[in-house]
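**Student:** Take a look at the following structure, please.
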Amino acid sequence: GRTETISWILRTSGFGTSVISGLIYGNGIFVASVYTGGGIRASTDGITWILRTNFPVAPWWDADSGIYDGTNYFFCGGGVSAGALIASTDSIIWILRTSGFGIVNLNAISYGSNQTQKYIIGGNGILRSSTDSISWVSRTYSAFNALSSIYDGTNYYLAGVSGNLAVSTDAINWFLRTSGAGASNIIKINYGSVYLMTLGTGGILSSTNGIQWTLRTSGFGTSTIYGIAYKIGRAHV
């Protein structure tokens, strides 16, 4: 059976009033990062959170983007940590990777396990890809500020400000798609059995093929929807 997500319980994270901007899960561990210099915490049950202090960028500011690739946890830097990419195999010891972005908020990272270019990172009008998450190559695309990205098993999607949406089969050649977002910023993009995008104006766009998009009523009014997750046939924002 499936666990319903109707009733929610408030958990104490230990971050105080800091904004939790990044959350990833892998190998039985939740890893959370904050935007405002509060560091990284990890949990095996989502209830008890342990502060991690062994990472090479202090104070750490997250740019709302992280992934787990089956071996490493990754978080991208923003704010005073702009341009930083940190990685860890256990969520305890973190290593600084050279991204080559300079001082740019790294808002979007994705991993394609069956691709040659397995990793992409998007920042403010800059896009790079990598085969190993260590050496990065600049890619040409319609330069917009990317805010989120996904990989659906075939294509990389890069979404961002002013409704921009770019798609690539190989992380090298990129094409613009019509998103249906108009001038609204696309805050998050996610994929389950359907594609979902959240907007800065409170709307949600859905698509079965990543090409035609339908605007959905979220019930959030005009509030910005910062996150969306998809599992067992349901979307959660």
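The way I read the labels, and the way they are meant: chains A, B, ... in the order of the structure tokens, residue 1 as the first residue of every chain, and ligand 1 as the first ligand shown, with later ones counted on from there.
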Please report, as a PDB file with C-alpha atoms, in the first residue's frame, each residue of region 4-220 of chain A to which DSSP assigns strand (DSSP E) when run on this structure's backbone.
**Tutor:**
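What ended up in result.pdb:
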ATOM      1  CA  ILE A  20      16.118  25.337   4.330  1.00  0.00           C
ATOM      2  CA  SER A  21      16.749  25.636   0.611  1.00  0.00           C
ATOM      3  CA  GLY A  22      18.139  22.236  -0.353  1.00  0.00           C
ATOM      4  CA  LEU A  23      17.014  18.702   0.526  1.00  0.00           C
ATOM      5  CA  ILE A  24      18.234  15.481  -1.066  1.00  0.00           C
ATOM      6  CA  TYR A  25      17.837  11.801  -0.241  1.00  0.00           C
ATOM      7  CA  GLY A  26      20.078   8.861  -1.026  1.00  0.00           C
ATOM      8  CA  ILE A  29      20.053   9.443   4.400  1.00  0.00           C
ATOM      9  CA  PHE A  30      18.261  12.792   4.156  1.00  0.00           C
ATOM     10  CA  VAL A  31      20.658  15.718   3.733  1.00  0.00           C
ATOM     11  CA  ALA A  32      19.429  19.293   4.201  1.00  0.00           C
ATOM     12  CA  SER A  33      21.210  22.542   3.459  1.00  0.00           C
ATOM     13  CA  VAL A  34      20.286  26.130   4.271  1.00  0.00           C
ATOM     14  CA  ILE A  40      24.320  21.095   6.473  1.00  0.00           C
ATOM     15  CA  ARG A  41      22.443  18.545   8.584  1.00  0.00           C
ATOM     16  CA  ALA A  42      21.742  14.871   7.942  1.00  0.00           C
ATOM     17  CA  SER A  43      19.139  12.403   9.193  1.00  0.00           C
ATOM     18  CA  ILE A  50      22.907  15.947  12.979  1.00  0.00           C
ATOM     19  CA  LEU A  51      24.969  19.000  12.088  1.00  0.00           C
ATOM     20  CA  ARG A  52      27.823  18.339   9.674  1.00  0.00           C
ATOM     21  CA  ASP A  62      23.183  26.821  -0.505  1.00  0.00           C
ATOM     22  CA  ALA A  63      21.699  27.850  -3.860  1.00  0.00           C
ATOM     23  CA  ASP A  64      18.674  25.526  -3.650  1.00  0.00           C
ATOM     24  CA  SER A  65      20.122  22.702  -5.700  1.00  0.00           C
ATOM     25  CA  GLY A  66      21.468  19.264  -4.824  1.00  0.00           C
ATOM     26  CA  ILE A  67      21.513  15.697  -6.128  1.00  0.00           C
ATOM     27  CA  TYR A  68      22.537  12.170  -5.171  1.00  0.00           C
ATOM     28  CA  TYR A  73      25.826  13.779  -2.496  1.00  0.00           C
ATOM     29  CA  PHE A  74      26.254  17.167  -4.197  1.00  0.00           C
ATOM     30  CA  PHE A  75      25.233  20.674  -3.184  1.00  0.00           C
ATOM     31  CA  CYS A  76      25.718  23.830  -5.251  1.00  0.00           C
ATOM     32  CA  GLY A  77      26.716  27.135  -3.689  1.00  0.00           C
ATOM     33  CA  LEU A  85      30.324  22.720  -5.668  1.00  0.00           C
ATOM     34  CA  ILE A  86      30.770  20.349  -2.734  1.00  0.00           C
ATOM     35  CA  ALA A  87      30.530  16.557  -2.739  1.00  0.00           C
ATOM     36  CA  SER A  88      30.406  13.817  -0.124  1.00  0.00           C
ATOM     37  CA  ILE A  95      35.147  17.904  -0.671  1.00  0.00           C
ATOM     38  CA  LEU A  96      35.270  21.081  -2.751  1.00  0.00           C
ATOM     39  CA  ARG A  97      35.037  20.463  -6.488  1.00  0.00           C
ATOM     40  CA  ALA A 108      20.421  23.887 -11.146  1.00  0.00           C
ATOM     41  CA  ILE A 109      22.189  20.516 -11.117  1.00  0.00           C
ATOM     42  CA  SER A 110      21.133  17.213 -12.695  1.00  0.00           C
ATOM     43  CA  TYR A 111      22.559  13.736 -13.168  1.00  0.00           C
ATOM     44  CA  TYR A 119      26.243  16.018 -14.926  1.00  0.00           C
ATOM     45  CA  ILE A 120      24.998  19.486 -15.781  1.00  0.00           C
ATOM     46  CA  ILE A 121      25.069  22.659 -13.694  1.00  0.00           C
ATOM     47  CA  GLY A 122      23.308  25.878 -14.606  1.00  0.00           C
ATOM     48  CA  LEU A 127      25.888  26.141 -18.312  1.00  0.00           C
ATOM     49  CA  ARG A 128      28.546  23.464 -17.877  1.00  0.00           C
ATOM     50  CA  SER A 129      28.572  19.677 -18.221  1.00  0.00           C
ATOM     51  CA  SER A 130      30.869  16.953 -16.958  1.00  0.00           C
ATOM     52  CA  VAL A 137      33.100  22.078 -19.976  1.00  0.00           C
ATOM     53  CA  SER A 138      31.143  25.209 -20.902  1.00  0.00           C
ATOM     54  CA  ALA A 146      18.510  28.726 -14.799  1.00  0.00           C
ATOM     55  CA  LEU A 147      16.661  27.977 -11.558  1.00  0.00           C
ATOM     56  CA  SER A 148      16.032  24.229 -11.785  1.00  0.00           C
ATOM     57  CA  SER A 149      16.865  21.169 -13.884  1.00  0.00           C
ATOM     58  CA  ILE A 150      15.958  17.503 -14.240  1.00  0.00           C
ATOM     59  CA  TYR A 151      16.914  14.442 -16.255  1.00  0.00           C
ATOM     60  CA  TYR A 156      17.963  17.108 -19.732  1.00  0.00           C
ATOM     61  CA  TYR A 157      15.589  19.980 -18.944  1.00  0.00           C
ATOM     62  CA  LEU A 158      16.780  23.395 -17.795  1.00  0.00           C
ATOM     63  CA  ALA A 159      14.127  25.835 -16.550  1.00  0.00           C
ATOM     64  CA  GLY A 160      14.400  29.377 -15.271  1.00  0.00           C
ATOM     65  CA  LEU A 165      12.775  26.139 -20.801  1.00  0.00           C
ATOM     66  CA  ALA A 166      15.663  24.460 -22.664  1.00  0.00           C
ATOM     67  CA  VAL A 167      15.997  20.766 -23.538  1.00  0.00           C
ATOM     68  CA  SER A 168      18.945  18.590 -24.593  1.00  0.00           C
ATOM     69  CA  PHE A 175      16.899  23.808 -27.838  1.00  0.00           C
ATOM     70  CA  LEU A 176      14.294  26.152 -26.417  1.00  0.00           C
ATOM     71  CA  ARG A 177      10.823  24.767 -25.725  1.00  0.00           C
ATOM     72  CA  ILE A 186       9.831  28.650 -13.458  1.00  0.00           C
ATOM     73  CA  ILE A 187      10.991  27.932  -9.912  1.00  0.00           C
ATOM     74  CA  LYS A 188      11.102  24.132  -9.937  1.00  0.00           C
ATOM     75  CA  ILE A 189      10.774  21.369 -12.500  1.00  0.00           C
ATOM     76  CA  ASN A 190      10.293  17.719 -11.580  1.00  0.00           C
ATOM     77  CA  TYR A 191       9.421  14.457 -13.290  1.00  0.00           C
ATOM     78  CA  TYR A 195       6.381  16.572 -15.917  1.00  0.00           C
ATOM     79  CA  LEU A 196       5.586  19.279 -13.382  1.00  0.00           C
ATOM     80  CA  MET A 197       6.772  22.883 -13.101  1.00  0.00           C
ATOM     81  CA  THR A 198       6.018  25.418 -10.380  1.00  0.00           C
ATOM     82  CA  LEU A 199       5.826  29.132 -11.038  1.00  0.00           C
ATOM     83  CA  ILE A 204       1.638  24.709 -11.674  1.00  0.00           C
ATOM     84  CA  LEU A 205       2.209  23.465 -15.218  1.00  0.00           C
ATOM     85  CA  SER A 206       1.903  19.787 -16.093  1.00  0.00           C
ATOM     86  CA  SER A 207       2.799  17.823 -19.208  1.00  0.00           C
ATOM     87  CA  THR A 214      -1.340  22.697 -19.133  1.00  0.00           C
ATOM     88  CA  LEU A 215      -1.742  25.287 -16.390  1.00  0.00           C
ATOM     89  CA  ARG A 216      -3.175  23.867 -13.166  1.00  0.00           C
TER      90      ARG A 216
END
**Student:** Any idea what's packed within 10 Å of Thr12 (chain A), counting only C-alpha atoms, ignoring anything in its chain fewer than 3 positions away? Could you give it as a list in words?
**Tutor:** Ile9, Phe15, Gly16, Gly46, Ile47, Thr48 and Trp49 of chain A
**Student:** Only N, CA, C and O atoms, please: the residues just picked out, written as a short mmCIF file (atom, residue, chain, number, x, y, z; two decimals), in the first residue's frame.
**Tutor:**
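Output file selection-v8.cif is given in full below:
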data_model
loop_
_atom_site.label_atom_id
_atom_site.label_comp_id
_atom_site.auth_asym_id
_atom_site.auth_seq_id
_atom_site.Cartn_x
_atom_site.Cartn_y
_atom_site.Cartn_z
N ILE A 9 3.40 16.36 9.92
CA ILE A 9 3.93 16.56 11.27
C ILE A 9 5.14 17.47 11.19
O ILE A 9 6.04 17.25 10.37
N PHE A 15 17.89 23.86 12.53
CA PHE A 15 18.37 25.01 11.76
C PHE A 15 17.84 26.34 12.30
O PHE A 15 18.18 27.39 11.77
N GLY A 16 16.99 26.28 13.31
CA GLY A 16 16.43 27.52 13.84
C GLY A 16 15.50 28.16 12.82
O GLY A 16 14.66 27.49 12.23
N GLY A 46 14.48 11.40 9.23
CA GLY A 46 13.71 12.62 9.04
C GLY A 46 13.26 13.26 10.34
O GLY A 46 12.54 14.27 10.32
N ILE A 47 13.68 12.72 11.47
CA ILE A 47 13.27 13.24 12.77
C ILE A 47 14.45 13.86 13.51
O ILE A 47 14.41 15.01 13.94
N THR A 48 15.50 13.09 13.66
CA THR A 48 16.71 13.56 14.35
C THR A 48 17.74 13.99 13.32
O THR A 48 18.11 13.21 12.43
N TRP A 49 18.21 15.25 13.44
CA TRP A 49 19.13 15.83 12.46
C TRP A 49 20.46 16.15 13.12
O TRP A 49 20.50 16.73 14.19
#
**Student:** Show which residues sit within 8 Å of Phe144 (chain A), as an MDAnalysis selection string. Count only C-alpha atoms, and ignore same-chain residues fewer than 2 positions away.
**Tutor:** chainID A and resid 124:126 142 146 160:161 164
**Student:** State, in Å with one decimal place, the distance from CA of Gly221 (chain A) to CA of Ser179 (chain A).
**Tutor:**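 CA of Ser179 (chain A) lies 20.1 Å from CA of Gly221 (chain A).
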**Student:** To one decimal in Å, tell me the separation between CA of Val57 (chain A) and CA of Gly14 (chain A).
**Tutor:**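 According to the coordinates, CA of Val57 (chain A) and CA of Gly14 (chain A) are separated by 19.9 Å.
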**Student:** Can you work out the spacing between CA of Val104 (chain A) and CA of Gly123 (chain A) in Å, to one decimal?
**Tutor:**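 So the answer is 6.2 Å.
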**Student:** Determine the nearest neighbour of Gly182 (chain A) from the options A:Thr201, A:Ser223, A:Thr17, A:Asn27, counting only C-alpha atoms.
**Tutor:**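 Checking each of A:Thr201, A:Ser223, A:Thr17, A:Asn27 against Gly182 (chain A), counting only C-alpha atoms, the winner is A:Thr201.
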**Student:** Compile the contact shell of Thr169 (chain A) as a list in words: residues with an atom at most 9 Å away, counting only C-alpha atoms, same-chain residues fewer than 6 positions apart removed.
**Tutor:**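 The filter keeps Gln115, Thr154, Asn155 and Tyr156 of chain A.
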**Student:** Just the helix (DSSP H, G or I) stuff from region 20-212 of chain A, please, per backbone DSSP, written as JSON, numbers by chain.
**Tutor:** {"A": [79, 80, 81, 161, 162, 163]}
**Student:** Using only C-alpha atoms, determine which residues lie at most 9 Å from Gly79 (chain A), disregarding the query and same-chain residues fewer than 6 positions distant; provide the list as a ChimeraX atom specification.
**Tutor:** /A:35-37,60-63,103-105
